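Printed here is model31.tsv (TSV, C-alpha atoms and all ligand atoms):
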chain	number	residue	atom	x	y	z
L	1	MET	CA	0.00	0.00	0.00
L	2	TYR	CA	1.20	3.53	-0.72
L	3	VAL	CA	-0.39	4.93	2.39
L	4	THR	CA	-0.27	3.08	5.66
L	5	VAL	CA	-0.67	3.62	9.35
L	6	ARG	CA	2.36	3.52	11.63
L	7	VAL	CA	2.30	2.51	15.29
L	8	GLU	CA	4.48	4.26	17.86
L	9	VAL	CA	4.75	1.24	20.12
L	10	GLU	CA	6.02	3.23	23.14
L	11	LYS	CA	2.76	5.19	23.14
L	12	CYS	CA	0.42	2.20	22.59
L	13	SER	CA	-1.37	1.08	25.77
L	14	GLY	CA	-2.74	-2.09	24.17
L	15	CYS	CA	-6.41	-1.09	24.54
L	16	LYS	CA	-7.19	-2.67	21.12
L	17	LEU	CA	-9.77	-0.03	20.16
L	18	CYS	CA	-8.05	0.41	16.80
L	19	ILE	CA	-8.39	-3.29	16.08
L	20	VAL	CA	-12.18	-3.22	16.41
L	21	SER	CA	-12.42	-0.01	14.35
L	22	CYS	CA	-10.54	-1.15	11.24
L	23	PRO	CA	-12.72	-2.23	8.29
L	24	ASP	CA	-9.98	-4.48	6.97
L	25	PRO	CA	-9.29	-7.92	8.43
L	26	ASN	CA	-5.96	-9.16	9.74
L	27	VAL	CA	-4.32	-5.72	9.49
L	28	LEU	CA	-3.86	-4.72	13.12
L	29	ALA	CA	-2.72	-7.43	15.50
L	30	PHE	CA	-2.17	-7.45	19.23
L	31	ILE	CA	1.11	-8.82	20.58
L	32	PRO	CA	0.20	-10.08	24.06
L	33	GLU	CA	3.80	-10.45	25.30
L	34	ALA	CA	4.71	-6.88	24.34
L	35	LYS	CA	1.18	-5.53	25.09
L	36	HIS	CA	0.98	-3.35	22.00
L	37	VAL	CA	-0.46	-3.53	18.49
L	38	VAL	CA	1.39	-3.97	15.22
L	39	VAL	CA	0.23	-3.22	11.68
L	40	ASN	CA	0.56	-5.29	8.54
L	41	GLU	CA	1.49	-2.44	6.20
L	42	HIS	CA	0.81	-4.52	3.10
L	43	ARG	CA	-2.83	-4.86	4.06
L	44	CYS	CA	-3.53	-1.39	5.48
L	45	LYS	CA	-5.55	0.91	3.18
L	46	GLY	CA	-4.59	4.03	5.09
L	47	CYS	CA	-8.16	5.10	5.82
L	48	GLY	CA	-7.12	6.48	9.20
L	49	LEU	CA	-10.11	5.22	11.20
L	50	CYS	CA	-7.87	3.48	13.74
L	51	ALA	CA	-6.07	6.75	14.39
L	52	THR	CA	-9.36	8.55	15.11
L	53	VAL	CA	-10.18	6.19	18.00
L	54	CYS	CA	-6.71	5.84	19.54
L	55	PRO	CA	-6.75	7.53	22.98
L	56	GLU	CA	-2.93	7.64	23.10
L	57	GLU	CA	-2.37	9.18	19.66
L	58	ALA	CA	-0.05	6.28	18.91
L	59	LEU	CA	-1.20	5.89	15.30
L	60	THR	CA	-0.46	8.12	12.32
L	61	VAL	CA	-1.20	7.63	8.66
L	62	SER	CA	1.64	8.49	6.34
L	63	GLY	CA	2.72	7.92	2.76
L	64	ASN	CA	5.84	5.91	2.11
X	1	MET	CA	-15.62	-24.23	15.69
X	2	SER	CA	-14.22	-27.51	14.49
X	3	THR	CA	-11.29	-27.42	12.07
X	4	LYS	CA	-12.59	-30.55	10.38
X	5	ILE	CA	-14.25	-28.86	7.43
X	6	ILE	CA	-11.27	-26.66	6.64
X	7	THR	CA	-8.38	-29.06	7.24
X	8	PRO	CA	-6.87	-29.86	3.83
X	9	VAL	CA	-5.92	-33.36	2.75
X	10	ALA	CA	-2.17	-33.98	2.98
X	11	GLU	CA	-1.65	-33.71	-0.79
X	12	PHE	CA	-3.01	-30.16	-0.79
X	13	ALA	CA	-1.57	-28.90	2.46
X	14	GLU	CA	1.49	-27.28	0.90
X	15	LEU	CA	-0.24	-26.00	-2.23
X	16	LEU	CA	-2.73	-23.78	-0.43
X	17	PRO	CA	-2.08	-20.04	-0.04
X	18	GLN	CA	-0.51	-18.76	3.17
X	19	GLU	CA	-3.84	-17.19	4.23
X	20	TYR	CA	-5.46	-20.59	4.18
X	21	LYS	CA	-2.63	-22.21	6.12
X	22	ASP	CA	-2.93	-19.40	8.69
X	23	LEU	CA	-6.65	-20.05	8.98
X	24	VAL	CA	-6.06	-23.71	9.76
X	25	ALA	CA	-3.16	-23.01	12.13
X	26	ARG	CA	-4.53	-20.01	14.03
X	27	GLY	CA	-8.10	-19.41	12.93
X	28	PRO	CA	-11.07	-18.90	15.27
X	29	HIS	CA	-11.33	-22.57	16.13
X	30	GLY	CA	-11.42	-24.55	19.30
X	31	GLY	CA	-12.96	-22.13	21.73
X	32	ARG	CA	-15.32	-19.24	21.51
X	33	ARG	CA	-14.03	-16.08	19.80
X	34	SER	CA	-15.72	-12.74	19.89
X	35	VAL	CA	-15.18	-9.15	18.78
X	36	ARG	CA	-13.02	-8.74	21.89
X	37	ASP	CA	-10.53	-11.29	20.59
X	38	LEU	CA	-9.99	-9.63	17.20
X	39	GLY	CA	-6.32	-9.07	16.52
X	40	THR	CA	-5.29	-12.25	18.30
X	41	PHE	CA	-6.36	-14.86	15.74
X	42	LYS	CA	-6.57	-15.22	11.98
X	43	GLU	CA	-9.98	-13.85	11.03
X	44	ILE	CA	-12.45	-15.74	8.89
X	45	VAL	CA	-12.74	-12.68	6.66
X	46	ASP	CA	-9.81	-12.14	4.32
X	47	GLU	CA	-8.50	-9.23	2.25
X	48	HIS	CA	-11.34	-7.59	0.33
X	49	PRO	CA	-11.83	-4.82	-2.23
X	50	HIS	CA	-14.11	-2.49	-0.20
X	51	CYS	CA	-13.13	1.19	-0.35
X	52	ALA	CA	-10.86	2.50	2.40
X	53	GLY	CA	-12.88	3.37	5.50
X	54	CYS	CA	-15.97	1.39	4.41
X	55	GLY	CA	-18.58	1.03	7.15
X	56	VAL	CA	-20.11	-2.02	5.47
X	57	ALA	CA	-16.73	-3.79	5.52
X	58	LEU	CA	-16.30	-3.01	9.22
X	59	ALA	CA	-19.77	-4.36	9.96
X	60	VAL	CA	-19.06	-7.62	8.08
X	61	ARG	CA	-15.77	-8.04	9.93
X	62	LEU	CA	-17.38	-7.54	13.34
X	63	LEU	CA	-20.34	-9.74	12.48
X	64	ALA	CA	-18.07	-12.57	11.34
X	65	ALA	CA	-16.20	-12.41	14.64
X	66	ALA	CA	-19.44	-12.46	16.63
X	67	LEU	CA	-21.05	-15.55	15.10
X	68	PRO	CA	-21.57	-18.17	17.83
X	69	SER	CA	-20.84	-21.19	15.57
X	70	PRO	CA	-19.13	-20.05	12.36
X	71	ALA	CA	-18.54	-23.59	11.08
X	72	ASP	CA	-22.28	-24.28	11.29
X	73	THR	CA	-23.41	-20.94	9.90
X	74	LEU	CA	-24.75	-20.25	6.43
X	75	ILE	CA	-24.68	-16.63	5.33
X	76	VAL	CA	-27.19	-15.66	2.67
X	77	GLY	CA	-26.50	-12.44	0.81
X	78	THR	CA	-27.69	-10.53	-2.22
X	79	PRO	CA	-26.04	-8.05	-4.61
X	80	GLY	CA	-24.62	-4.99	-2.89
X	81	CYS	CA	-21.27	-3.92	-1.50
X	82	SER	CA	-21.44	-6.45	1.33
X	83	PHE	CA	-20.66	-9.28	-1.05
X	84	PHE	CA	-17.15	-7.86	-1.56
X	85	SER	CA	-16.21	-9.14	1.88
X	86	LEU	CA	-18.78	-11.91	2.29
X	87	VAL	CA	-17.22	-13.83	-0.60
X	88	GLN	CA	-13.88	-13.45	1.18
X	89	THR	CA	-15.01	-15.27	4.32
X	90	ALA	CA	-14.26	-18.84	5.29
X	91	LEU	CA	-17.98	-19.31	5.91
X	92	ASN	CA	-20.68	-21.09	3.99
X	93	TYR	CA	-22.04	-18.28	1.86
X	94	SER	CA	-24.67	-18.12	-0.81
X	95	ASN	CA	-25.68	-15.17	-2.93
X	96	THR	CA	-29.23	-14.86	-4.28
X	97	ALA	CA	-31.01	-12.97	-7.04
X	98	PHE	CA	-31.37	-9.40	-5.76
X	99	GLY	CA	-34.00	-9.24	-3.04
X	100	ASN	CA	-34.62	-12.99	-2.69
X	101	GLN	CA	-32.38	-13.47	0.33
X	102	ASN	CA	-35.03	-14.09	2.99
X	103	ALA	CA	-37.00	-16.51	0.85
X	104	VAL	CA	-33.86	-18.50	0.01
X	105	ALA	CA	-32.65	-18.37	3.63
X	106	ALA	CA	-35.98	-19.64	4.95
X	107	GLY	CA	-35.92	-22.58	2.55
X	108	LEU	CA	-32.33	-23.43	3.40
X	109	LYS	CA	-33.04	-23.23	7.12
X	110	ARG	CA	-35.91	-25.69	6.84
X	111	MET	CA	-33.86	-28.02	4.67
X	112	LEU	CA	-30.88	-27.91	7.05
X	113	ALA	CA	-33.16	-28.63	10.03
X	114	ILE	CA	-34.33	-31.82	8.30
X	115	ARG	CA	-30.88	-32.86	7.06
X	116	PHE	CA	-29.04	-32.14	10.34
X	117	PRO	CA	-31.58	-32.65	13.13
X	118	GLN	CA	-28.86	-32.97	15.81
X	119	VAL	CA	-26.95	-29.76	14.98
X	120	HIS	CA	-27.95	-26.11	15.06
X	121	LYS	CA	-27.36	-24.72	11.60
X	122	ASP	CA	-27.59	-20.94	11.83
X	123	VAL	CA	-28.87	-19.18	8.73
X	124	VAL	CA	-28.06	-15.48	8.69
X	125	VAL	CA	-29.12	-13.04	5.98
X	126	VAL	CA	-26.62	-10.23	5.51
X	127	ALA	CA	-27.72	-7.65	2.96
X	128	GLY	CA	-27.86	-3.96	2.19
X	129	ASP	CA	-30.66	-1.51	2.83
X	130	GLY	CA	-31.68	-1.58	-0.83
X	131	GLY	CA	-31.76	-5.37	-0.88
X	132	ILE	CA	-33.87	-5.60	2.26
X	133	ALA	CA	-36.06	-2.49	2.32
X	134	ASP	CA	-36.79	-2.16	-1.39
X	135	ILE	CA	-36.83	-5.14	-3.72
X	136	GLY	CA	-36.64	-7.73	-0.91
X	137	LEU	CA	-39.14	-6.16	1.48
X	138	ASP	CA	-42.00	-8.52	0.70
X	139	MET	CA	-39.86	-11.61	1.15
X	140	THR	CA	-38.30	-10.21	4.31
X	141	LEU	CA	-41.69	-9.43	5.87
X	142	HIS	CA	-43.18	-12.76	4.82
X	143	SER	CA	-40.29	-14.67	6.39
X	144	TRP	CA	-41.07	-12.80	9.62
X	145	PHE	CA	-44.83	-13.38	9.34
X	146	ARG	CA	-44.13	-17.10	8.89
X	147	ARG	CA	-41.84	-17.04	11.96
X	148	GLU	CA	-38.92	-18.54	10.06
X	149	LYS	CA	-36.03	-19.21	12.42
X	150	ILE	CA	-33.48	-17.04	10.64
X	151	THR	CA	-31.56	-13.87	11.47
X	152	THR	CA	-31.71	-10.88	9.15
X	153	VAL	CA	-28.95	-8.27	9.31
X	154	MET	CA	-29.34	-5.05	7.36
X	155	LEU	CA	-26.13	-3.16	6.63
X	156	ASP	CA	-27.69	0.25	6.17
X	157	ASN	CA	-25.56	2.81	4.36
X	158	GLU	CA	-28.70	4.69	3.27
X	159	VAL	CA	-27.88	4.38	-0.44
X	160	TYR	CA	-27.42	1.90	-3.27
X	161	ALA	CA	-23.66	2.12	-2.94
X	162	ASN	CA	-22.70	-0.76	-5.21
X	163	THR	CA	-24.37	0.72	-8.27
X	164	GLY	CA	-23.07	4.23	-7.82
X	165	GLY	CA	-25.48	6.10	-5.57
X	166	GLN	CA	-29.20	5.68	-6.26
X	167	GLU	CA	-31.62	6.46	-3.46
X	168	SER	CA	-32.88	3.56	-1.37
X	169	GLY	CA	-36.02	3.38	0.72
X	170	MET	CA	-33.67	3.75	3.70
X	171	SER	CA	-32.08	6.98	2.42
X	172	ARG	CA	-32.99	9.95	4.57
X	173	LEU	CA	-35.58	12.51	3.58
X	174	GLY	CA	-34.05	15.22	1.41
X	175	ARG	CA	-30.78	13.35	0.90
X	176	VAL	CA	-29.07	14.27	-2.38
X	177	LEU	CA	-27.12	11.43	-3.96
X	178	ASN	CA	-25.14	10.90	-7.17
X	179	MET	CA	-28.24	9.62	-8.91
X	180	ALA	CA	-30.87	11.34	-6.79
X	181	PRO	CA	-30.18	14.98	-7.66
X	182	ARG	CA	-33.51	16.29	-6.37
X	183	GLY	CA	-33.09	14.71	-2.98
X	184	LYS	CA	-35.09	11.88	-1.43
X	185	LEU	CA	-38.76	12.74	-1.40
X	186	PHE	CA	-39.97	10.51	1.46
X	187	PRO	CA	-38.55	9.46	4.86
X	188	LYS	CA	-36.72	6.23	5.72
X	189	ILE	CA	-38.89	3.10	5.56
X	190	PRO	CA	-39.44	2.05	9.20
X	191	VAL	CA	-38.12	-1.51	8.80
X	192	PHE	CA	-37.09	-1.68	12.46
X	193	GLU	CA	-40.65	-0.83	13.52
X	194	LEU	CA	-42.02	-3.32	11.00
X	195	ALA	CA	-39.82	-6.03	12.54
X	196	LYS	CA	-41.46	-5.41	15.92
X	197	VAL	CA	-44.99	-5.98	14.64
X	198	SER	CA	-44.24	-8.69	12.07
X	199	GLY	CA	-43.11	-11.55	14.29
X	200	CYS	CA	-39.46	-10.91	15.15
X	201	VAL	CA	-38.72	-12.17	18.66
X	202	TYR	CA	-35.67	-9.91	18.93
X	203	GLY	CA	-34.43	-6.79	17.20
X	204	ALA	CA	-31.58	-4.36	17.68
X	205	ARG	CA	-30.55	-1.13	16.02
X	206	VAL	CA	-26.83	-0.35	16.28
X	207	THR	CA	-23.99	1.36	14.44
X	208	VAL	CA	-20.43	0.37	13.57
X	209	ALA	CA	-19.20	2.91	16.14
X	210	GLY	CA	-20.13	0.42	18.89
X	211	PRO	CA	-18.19	-2.71	17.90
X	212	TYR	CA	-18.71	-4.67	21.13
X	213	ARG	CA	-22.39	-3.90	21.20
X	214	LEU	CA	-22.68	-4.89	17.53
X	215	GLY	CA	-21.04	-8.20	18.37
X	216	ARG	CA	-23.33	-8.77	21.34
X	217	VAL	CA	-26.57	-8.10	19.46
X	218	VAL	CA	-25.55	-10.25	16.49
X	219	ARG	CA	-24.80	-13.10	18.86
X	220	ASN	CA	-28.10	-12.61	20.68
X	221	ALA	CA	-29.96	-12.52	17.38
X	222	VAL	CA	-28.36	-15.72	16.06
X	223	LEU	CA	-28.87	-17.66	19.29
X	224	LEU	CA	-32.49	-16.53	19.62
X	225	ALA	CA	-33.28	-17.40	16.00
X	226	ARG	CA	-32.16	-20.94	16.76
X	227	GLU	CA	-34.59	-21.33	19.58
X	228	LEU	CA	-37.52	-18.99	19.15
X	229	GLY	CA	-38.09	-17.33	15.79
X	230	PRO	CA	-37.00	-14.59	13.41
X	231	THR	CA	-34.58	-11.91	14.62
X	232	TYR	CA	-33.45	-8.65	13.08
X	233	VAL	CA	-30.36	-6.46	13.46
X	234	GLN	CA	-30.14	-3.12	11.70
X	235	VAL	CA	-26.63	-1.71	11.49
X	236	TYR	CA	-25.75	1.81	10.42
X	237	ALA	CA	-22.69	1.32	8.21
X	238	PRO	CA	-21.77	4.65	6.60
X	239	CYS	CA	-20.31	4.76	3.08
X	240	PRO	CA	-17.62	7.44	2.71
X	241	THR	CA	-17.53	7.05	-1.08
X	242	ASN	CA	-21.18	7.87	-1.73
X	243	MET	CA	-21.71	10.22	1.20
X	244	LYS	CA	-18.57	12.03	0.09
X	245	PHE	CA	-16.76	12.35	3.38
X	246	PRO	CA	-13.10	11.43	4.01
X	247	PRO	CA	-12.59	7.74	4.87
X	248	ASP	CA	-11.36	8.51	8.39
X	249	GLN	CA	-14.76	10.04	9.25
X	250	THR	CA	-16.85	6.86	9.07
X	251	LEU	CA	-16.94	6.30	12.82
X	252	LYS	CA	-17.60	9.97	13.48
X	253	ALA	CA	-20.56	9.79	11.09
X	254	ALA	CA	-21.82	6.70	12.93
X	255	LYS	CA	-21.39	8.34	16.35
X	256	GLU	CA	-23.31	11.40	15.17
X	257	ALA	CA	-26.09	9.18	13.87
X	258	GLU	CA	-26.28	7.51	17.30
X	259	LYS	CA	-27.23	10.88	18.75
X	260	ASP	CA	-29.84	11.35	16.05
X	261	HIS	CA	-31.82	8.76	14.09
X	262	TYR	CA	-29.62	5.75	14.93
X	263	SER	CA	-29.88	5.67	18.72
X	264	PHE	CA	-29.42	2.21	20.21
X	265	GLU	CA	-32.68	0.33	20.50
X	266	GLU	CA	-33.44	-3.26	21.32
X	267	PHE	CA	-36.75	-5.12	21.60
X	268	MET	CA	-37.49	-8.71	22.54
X	269	SER	CA	-40.33	-11.03	23.38
X	270	THR	CA	-40.79	-12.28	26.96
X	271	GLU	CA	-39.38	-15.68	25.99
X	272	ALA	CA	-36.39	-14.02	24.36
X	273	ALA	CA	-35.72	-11.98	27.49
X	274	GLU	CA	-35.86	-15.13	29.63
X	275	TYR	CA	-33.49	-16.92	27.29
X	276	LEU	CA	-30.98	-14.08	27.34
X	277	ALA	CA	-31.17	-13.83	31.12
X	278	ARG	CA	-30.28	-17.52	31.37
X	279	LEU	CA	-27.44	-17.02	28.89
X	280	LYS	CA	-25.95	-14.18	30.93
X	281	THR	CA	-25.34	-16.49	33.85
X	282	ALA	CA	-23.40	-18.91	31.62
X	283	PRO	CA	-19.68	-18.76	32.46
X	284	GLU	CA	-18.53	-18.38	28.85
X	285	GLU	CA	-20.44	-15.10	28.46
X	286	ARG	CA	-17.78	-12.63	29.47
X	287	GLU	CA	-18.21	-9.00	30.44
X	288	GLU	CA	-18.43	-6.51	27.62
X	289	ALA	CA	-15.53	-4.15	27.08
X	290	PRO	CA	-16.17	-0.37	27.02
X	291	GLU	CA	-16.86	1.12	23.60
X	292	PRO	CA	-14.33	3.45	21.93
X	293	ALA	CA	-14.89	6.96	23.30
X	294	LYS	CA	-13.46	8.92	20.39
X	295	PRO	CA	-14.14	10.27	17.79
K	1	LIG	C1	-32.74	-7.85	-9.93
K	1	LIG	C2	-31.61	-6.90	-9.84
K	1	LIG	N1	-31.86	-5.58	-9.95
K	1	LIG	C3	-30.86	-4.71	-9.83
K	1	LIG	C4	-29.58	-5.12	-9.59
K	1	LIG	C5	-28.46	-4.13	-9.51
K	1	LIG	N2	-27.99	-3.89	-8.17
K	1	LIG	C6	-26.89	-4.49	-7.68
K	1	LIG	S1	-26.50	-3.99	-6.14
K	1	LIG	C7	-27.81	-2.91	-6.13
K	1	LIG	C8	-28.08	-1.99	-4.98
K	1	LIG	C9	-27.56	-2.45	-3.69
K	1	LIG	O1	-27.89	-1.52	-2.70
K	1	LIG	P1	-27.90	-1.96	-1.21
K	1	LIG	O2	-28.72	-3.17	-1.02
K	1	LIG	O3	-28.27	-0.78	-0.38
K	1	LIG	O4	-26.40	-2.41	-0.92
K	1	LIG	P2	-25.09	-1.49	-0.88
K	1	LIG	O5	-24.40	-1.64	-2.19
K	1	LIG	O6	-25.49	-0.10	-0.59
K	1	LIG	O7	-24.27	-2.08	0.23
K	1	LIG	C10	-28.54	-2.97	-7.32
K	1	LIG	C11	-29.71	-2.14	-7.61
K	1	LIG	C12	-29.34	-6.51	-9.49
K	1	LIG	N3	-28.13	-7.00	-9.24
K	1	LIG	N4	-30.38	-7.36	-9.61
K	2	LIG	S1	-5.54	3.09	8.47
K	2	LIG	FE1	-7.54	2.04	8.10
K	2	LIG	S2	-6.96	0.11	7.05
K	2	LIG	FE2	-5.07	0.92	8.02
K	2	LIG	S3	-4.99	-0.10	10.02
K	2	LIG	FE3	-6.00	1.90	10.31
K	2	LIG	S4	-8.22	1.44	10.18
K	2	LIG	FE4	-7.10	-0.31	9.27
K	3	LIG	S1	-19.03	2.25	-2.20
K	3	LIG	FE1	-19.41	2.64	-0.03
K	3	LIG	S2	-20.36	0.78	0.78
K	3	LIG	FE2	-19.41	0.26	-1.20
K	3	LIG	S3	-17.35	-0.53	-0.70
K	3	LIG	FE3	-17.15	1.69	-1.10
K	3	LIG	S4	-17.38	2.68	0.91
K	3	LIG	FE4	-18.15	0.58	1.10
K	4	MG	MG	-27.00	0.40	0.73
Could the structure of this file be written out as structure tokens, please?
Amino acid sequence: MYVTVRVEVEKCSGCKLCIVSCPDPNVLAFIPEAKHVVVNEHRCKGCGLCATVCPEEALTVSGN
Amino acid sequence: MSTKIITPVAEFAELLPQEYKDLVARGPHGGRRSVRDLGTFKEIVDEHPHCAGCGVALAVRLLAAALPSPADTLIVGTPGCSFFSLVQTALNYSNTAFGNQNAVAAGLKRMLAIRFPQVHKDVVVVAGDGGIADIGLDMTLHSWFRREKITTVMLDNEVYANTGGQESGMSRLGRVLNMAPRGKLFPKIPVFELAKVSGCVYGARVTVAGPYRLGRVVRNAVLLARELGPTYVQVYAPCPTNMKFPPDQTLKAAKEAEKDHYSFEEFMSTEAAEYLARLKTAPEEREEAPEPAKP
């Protein structure tokens, strides 16, 4: 994808709100050991919905 | 969910795409999964061609995660944007001629009840507002009048999105659309109210801005349809492409609608209420998580 969301893992609290707000499956995943989310950049469409619900402002959509 | 129906024979195991292997290895099997568990297992929906920020796609994803027995569920759809993701699910799925979904679903439900008397086979209609409220309205209502034990889920984006923006019976009064330049001339068809008086034992009106609630009502609806009769869930699933807002505003649009014409509402028969009360005390029914506060 040309546009994708990036996760600042230090900011992520692991609340998983982004995961239930993304229209695309298997894009955001939760890593239980590290307690933060990761993004599959190849699957992200860059819509930005996850960023609008993140209480920690840990997600930003950027071009690459 | 049993992995039996998806486990490939040895000869095929290596030939299948990675997504399929992932589904077998870490799909939603062996243990109940819900919306809460998304992001920790391979989902039964796979990559789909919905527009970025599509509310319908989000609704399908949440619904798929909320099904109580995905391996024993048959989804019945009809033309509309929802089939972009429904065809990408590892679920039994059948499309129908536009508008025929509730008639086909009712027939399949009866047939499955005869063929598999020992197993609950859940039949769930998932279709757009045009498919349900316009061309399929008679078959939807008649399935309710006949008390068919199926669940109907309307993914309401208030437009015929798939065909470029014609007005649907569920479009709002005055709404201007690509192919409705004068604006809609009459208000939304009250399908939710019709469900109440037409035989549905349970109904819920939700939006995609409340993912846990959406999951809970879908689960309620499917379980109650097994036992008692027809159930209906109406989901507001905004379409950024036709409503011409940026794709990151879908949840904001849904939240705003919750304060207006899409407030949460639920109705149920006495028997349905008793059934759900019994279910609540079951240990596997965990507490609901709080909904996202923003946007
Ligand atoms: C009998 C018939 N008439 C018309 C169509 C064309 N058609 C395909 S999808 C659609 C509208 C779908 O609108 P809706 O049910 O609201 O779903 P959405 O695309 O908005 O999700 C129409 C009219 C068709 N496929 N079959
Ligand atoms: S930007 Fe959109 S597609 Fe990408 S992870 Fe966020 S919600 Fe999902
Ligand atoms: S046109 Fe609208 S409903 Fe259809 S896929 Fe695009 S955003 Fe979703
Ligand atoms: Mg529609």
Kindly provide, as number ranges by chain, the residues of chain L having any atom no farther than 9 Å from an atom of chain X, counting all atoms listed in the file. L: 16-32, 37, 43-55
For a cut-off of 8 Å around (1.0, -2.0, 23.8), file coordinates, pick out all residues using only C-alpha atoms and list them as a list in words. Val9, Glu10, Lys11, Cys12, Ser13, Gly14, Cys15, Phe30, Ile31, Ala34, Lys35, His36 and Val37 of chain L
Might you pull out every residue within 6 Å of X:Met170, with all atoms listed in the file counted and same-chain residues fewer than 3 positions away left off, and present them as a list in words? Glu158, Lys188 and Ile189 of chain X
If you count only C-alpha atoms, which residues fall within 8 Å of stretch 125-140 of chain X, apart from same-chain ones fewer than 4 positions away, as a ChimeraX atom specification? /X:75-82,98-103,105,144,150-160,168-170,189,191
Which residues, written as a list in words, have at least one atom at most 7 Å from stretch 217-222 of chain X, with only C-alpha atoms counted and residues fewer than 6 positions away on the same chain left out? Leu63, Ala66, Leu67, Pro68, Asp122, Thr151, Tyr202, Ala204, Thr231, Tyr232 and Val233 of chain X
Output file for the selection above: C-alpha atoms, as a compact mmCIF listing (two decimals), in the coordinates of the input:
# COMPACT_ATOMS: atom_id res chain seq x y z
CA LEU X 63 -20.34 -9.74 12.48
CA ALA X 66 -19.44 -12.46 16.63
CA LEU X 67 -21.05 -15.55 15.10
CA PRO X 68 -21.57 -18.17 17.83
CA ASP X 122 -27.59 -20.94 11.83
CA THR X 151 -31.56 -13.87 11.47
CA TYR X 202 -35.67 -9.91 18.93
CA ALA X 204 -31.58 -4.36 17.68
CA THR X 231 -34.58 -11.91 14.62
CA TYR X 232 -33.45 -8.65 13.08
CA VAL X 233 -30.36 -6.46 13.46
Give as a PyMOL selection string every residue, naming chains and numbers as the document does, that has an atom within 8 Å of (-30.2, 8.8, -6.3), counting only C-alpha atoms. chain X and resi 159+165-168+176-181+183-184
Please list as a ChimeraX atom specification every residue within 8 Å of X:Val24, counting all atoms listed in the file and excluding residues in the same chain fewer than 6 positions away. /X:3,6-7
Got time to write the residues from that selection, C-alpha atoms, as an mmCIF file, in the frame of the given file?
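The file below, again_18.cif, is the result:
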data_model
loop_
_atom_site.group_PDB
_atom_site.id
_atom_site.type_symbol
_atom_site.label_atom_id
_atom_site.label_comp_id
_atom_site.auth_asym_id
_atom_site.auth_seq_id
_atom_site.Cartn_x
_atom_site.Cartn_y
_atom_site.Cartn_z
ATOM 1 C CA THR X 3 -11.290 -27.420 12.070
ATOM 2 C CA ILE X 6 -11.270 -26.660 6.640
ATOM 3 C CA THR X 7 -8.380 -29.060 7.240
#
Can you work out the spacing between atom CA of X:Leu224 and atom CA of X:Pro190 in Å, to one decimal? 22.4 Å
Distance atom CA of X:Tyr236-atom C1 of ligand LIG 1 (chain K), one decimal place?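 A separation of 23.6 Å between them.
Here atom CA of X:Ala25 stands at a distance of 16.2 Å from atom CA of X:Thr89.
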Go through X:Ala10, X:Lys280, X:Gly215, X:Val206 one by one, measure the shortest atom-to-atom distance of each to X:Lys255 using only C-alpha atoms, and give the residue with the smallest value. X:Val206
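Between X:His142 and the residues X:Ser69, X:Phe192, X:Pro230, X:Thr281, the shortest atom-to-atom distance, using all atoms listed in the file, involves X:Pro230.
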Nearest to L:Val5: which of L:Val61, L:His42, L:Glu56, L:Glu33 is it, counting only C-alpha atoms?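 Using only C-alpha atoms, L:Val5 sits closest to L:Val61.
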Centre, x/y/z edge lengths, axis-aligned box for stretch 38-51 of chain L with 8 Å per side, as AutoDock Vina command-line options:
--center_x -4.3 --center_y 0.7 --center_z 9.2 --size_x 27.6 --size_y 28.0 --size_z 28.1
